[in-house]
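Participant: Take a look at this one; I'll ask things after.
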Amino acid sequence: MENIFTANIKSVLEKHFGKNADDIFDKSQLIQYINEKTRSANKGSKSRSSFANLYAIYVIIEDYIANGFDQKGDYSKYEGAAFVKLFKRQRELPFGSKLQNHALNNRMNSEFQKYFPSSEFIPILRNHETNRYWINENLLKIKVGKANFNVAKAIIEIIDEYSKTKQDAFQRFVKSCEELQEIGKTTPKKIEEFVIGLLAPNVDARLFEIVSYSILKYFYHDQQIFWGYELEKLNKENLKLYKTGRTNANDGGIDFVMKPLGRFFQVTETLDFKKYFLDIDKIQKYPITFVIKSTEPTEDLLKKIRDNASKTYSIKSIVDTYMDCIEEVINIPTLNDRFNDAVKQGYLNKILDEVVIQSKVEFNYEDTDEDEE
């Protein structure tokens, strides 16, 4: 199935393989898989980017090329790429700072098999004892007629091109925000429509997290609590929400932290109860608020989580213990309501400013005009 980015893929293949490009595109399951995963390339910053599985392929093939196996040598005798090296490399790539190990370990293979259920090849090979990884070389070597071609370098270039396209989309997004900052004083309605448009199930996960944070930060901004060690000496303090940063390797499943209440927030788009319970376990069953990228009512979301958990855990007390740790569920309608409340309090432009600041941090955005000066 062709999409807008397919032309970019075929252009790279033509550069590498000339008249054999179309045959290689048709015969390579790995390239067809990449073609499916790059559908969002020209859909802008709000669409899902699918970098996890693409970068899992990328870093292992990059290691394959670095050791010269695309040119010569017996790859079957190679000791394999170390997990630590691959994992570190993933996070160095554009948009890779939050990636975890799921794609390398199973998710990419599992999804590939859904696309190609009759394929005899598994893309990523792994030795569980040594934690070493290989790309399945059978998927890199394509035979057209009597000629054999290795698509390793072409795949690297295709994924690089996709990454660049998505970076351009995010730069356009930041530029749009900055333009709105300029006109926002005279046409605040445009800012409201823009922000509400980012609260949708199909929005890129990182953007959703940024916008959720910006809204909640100013929703809680004016709420005050009184606390202290002595009744006569109480402190009055506004609630402050902090974002824990871009990477979440060791954050215990926490995206935002609120002071001085000590509330934890985790942003997610999955309804897999195992993910929720894992996050709760990471912080030793400390209560956590989940911000869920869903329009379903919060009662329905909680019921789905509980029902699915009950099927796996037959003991009600175990399920209850985990469910009691879900302090609150905030869905998209709730975020819309809290956004409207923050707007009424006069924080519309501050919310947009926060979106710009966090986006620049998240996407390593640099103002090209300043660079040129």
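Quick note on naming: the chains in the structure tokens go A, B, ... in the order shown, residues restart at 1 in each chain, and ligands are numbered from 1 in order of appearance.
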Near A:Ile142, counting only C-alpha atoms, which residues have an atom at most 12 Å away, once you skip same-chain residues fewer than 4 positions from it, shown as a ChimeraX atom specification?

Facilitator: /A:17,20-31,137-138,146-152

Participant: For A:Glu354, find every residue with an atom within 9 Å (counting only C-alpha atoms), except residues of its own chain fewer than 6 positions away, and show them as an MDAnalysis selection string.

Facilitator: chainID A and resid 210:211 213:215

Participant: Residues at most 9 Å from A:Asn101, counting only C-alpha atoms, excluding those fewer than 3 positions away in the same chain, as a compact mmCIF listing (two decimals) with N, CA and C atoms, in the first residue's frame?

Facilitator:
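Final output, selection39.txt:
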```txt
# COMPACT_ATOMS: atom_id res chain seq x y z
N ALA A 52 9.83 4.07 17.59
CA ALA A 52 10.36 2.98 18.42
C ALA A 52 10.77 1.78 17.58
N ALA A 56 14.59 0.57 16.31
CA ALA A 56 15.09 -0.76 16.68
C ALA A 56 15.77 -1.41 15.47
N PHE A 83 23.29 -4.95 23.88
CA PHE A 83 22.05 -4.20 24.14
C PHE A 83 22.32 -2.77 24.60
N PHE A 87 20.74 0.44 22.83
CA PHE A 87 19.79 1.24 23.59
C PHE A 87 20.25 2.70 23.69
N LEU A 104 13.07 -3.28 20.80
CA LEU A 104 14.22 -4.15 20.58
C LEU A 104 13.93 -5.58 21.05
N ASN A 105 13.21 -5.71 22.14
CA ASN A 105 13.04 -7.02 22.74
C ASN A 105 11.92 -7.85 22.14
N ASN A 106 10.84 -7.20 21.72
CA ASN A 106 9.75 -8.02 21.20
C ASN A 106 8.79 -7.27 20.29
```

Participant: What residues in stretch 43-86 of chain A get the DSSP label helix (DSSP H, G or I)? Please answer as a list of chain:residue names.

Facilitator: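 These are the residues in question: A:Phe51, A:Ala52, A:Asn53, A:Leu54, A:Tyr55, A:Ala56, A:Ile57, A:Tyr58, A:Val59, A:Ile60, A:Ile61, A:Glu62, A:Asp63, A:Tyr64, A:Ile65, A:Ala66, A:Tyr75, A:Ser76, A:Lys77, A:Phe83, A:Val84, A:Lys85, A:Leu86.
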
Participant: Considering only C-alpha atoms, state which residue in the set A:Asn3, A:Asn136, A:Asn35, A:Ser118 is at the smallest distance from A:Ser76.

Facilitator: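 Looking at the shortest contact to A:Ser76, the residue is A:Asn136.
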
Participant: Go through stretch 69-307 of chain A and collect every residue that DSSP, computed from the backbone, puts in strand (DSSP E or B); the answer should be as a VMD selection string.

Facilitator: chain A and resid 81 to 82 124 to 127 132 to 135 141 to 144 147 to 150 224 to 227 235 to 238 240 to 243 256 to 259 263 to 268 288 to 292

Participant: Find the residues near A:Gln284: any atom within 12 Å, counting only C-alpha atoms, skip ones fewer than 4 places away on the same chain, and give them as a PDB file with N, CA, C and O atoms, in the first residue's frame.

Facilitator:
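What follows is the written file around24.pdb:
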```pdb
ATOM      1  N   GLY A 252      10.535   6.232  37.304  1.00  0.00           N
ATOM      2  CA  GLY A 252       9.524   5.497  38.054  1.00  0.00           C
ATOM      3  C   GLY A 252       8.134   5.642  37.484  1.00  0.00           C
ATOM      4  O   GLY A 252       7.134   5.466  38.180  1.00  0.00           O
ATOM      5  N   GLY A 253       8.033   5.970  36.199  1.00  0.00           N
ATOM      6  CA  GLY A 253       6.716   6.127  35.588  1.00  0.00           C
ATOM      7  C   GLY A 253       6.067   7.450  35.922  1.00  0.00           C
ATOM      8  O   GLY A 253       4.839   7.568  35.956  1.00  0.00           O
ATOM      9  N   PHE A 277      -0.235  -1.035  36.264  1.00  0.00           N
ATOM     10  CA  PHE A 277       0.215  -1.702  37.477  1.00  0.00           C
ATOM     11  C   PHE A 277       1.736  -1.697  37.581  1.00  0.00           C
ATOM     12  O   PHE A 277       2.297  -1.618  38.674  1.00  0.00           O
ATOM     13  N   LEU A 278       2.408  -1.769  36.424  1.00  0.00           N
ATOM     14  CA  LEU A 278       3.867  -1.701  36.420  1.00  0.00           C
ATOM     15  C   LEU A 278       4.330  -0.343  36.933  1.00  0.00           C
ATOM     16  O   LEU A 278       5.255  -0.250  37.752  1.00  0.00           O
ATOM     17  N   ASP A 279       3.680   0.735  36.454  1.00  0.00           N
ATOM     18  CA  ASP A 279       4.035   2.076  36.923  1.00  0.00           C
ATOM     19  C   ASP A 279       3.790   2.216  38.420  1.00  0.00           C
ATOM     20  O   ASP A 279       4.567   2.855  39.137  1.00  0.00           O
ATOM     21  N   ILE A 280       2.699   1.619  38.892  1.00  0.00           N
ATOM     22  CA  ILE A 280       2.389   1.674  40.324  1.00  0.00           C
ATOM     23  C   ILE A 280       3.432   0.901  41.123  1.00  0.00           C
ATOM     24  O   ILE A 280       3.877   1.335  42.193  1.00  0.00           O
ATOM     25  N   ILE A 288      -1.026   7.439  42.201  1.00  0.00           N
ATOM     26  CA  ILE A 288      -0.599   8.113  40.973  1.00  0.00           C
ATOM     27  C   ILE A 288      -1.829   8.532  40.165  1.00  0.00           C
ATOM     28  O   ILE A 288      -2.845   7.824  40.133  1.00  0.00           O
ATOM     29  N   THR A 321      -5.984  -3.496  45.611  1.00  0.00           N
ATOM     30  CA  THR A 321      -4.769  -2.805  46.068  1.00  0.00           C
ATOM     31  C   THR A 321      -4.218  -1.905  44.973  1.00  0.00           C
ATOM     32  O   THR A 321      -3.832  -0.757  45.223  1.00  0.00           O
ATOM     33  N   TYR A 322      -4.167  -2.434  43.748  1.00  0.00           N
ATOM     34  CA  TYR A 322      -3.667  -1.638  42.627  1.00  0.00           C
ATOM     35  C   TYR A 322      -4.634  -0.509  42.272  1.00  0.00           C
ATOM     36  O   TYR A 322      -4.214   0.637  42.055  1.00  0.00           O
ATOM     37  N   CYS A 325      -4.543   2.615  44.167  1.00  0.00           N
ATOM     38  CA  CYS A 325      -3.382   3.477  43.923  1.00  0.00           C
ATOM     39  C   CYS A 325      -3.620   4.460  42.775  1.00  0.00           C
ATOM     40  O   CYS A 325      -2.787   5.339  42.530  1.00  0.00           O
TER      41      CYS A 325
END
```

Participant: Could you give me, as a PyMOL selection string, the residues within 7 Å of A:Tyr133, counting only C-alpha atoms and dropping anything in the same chain fewer than 4 positions from it?

Facilitator: chain A and resi 80-83+124-127
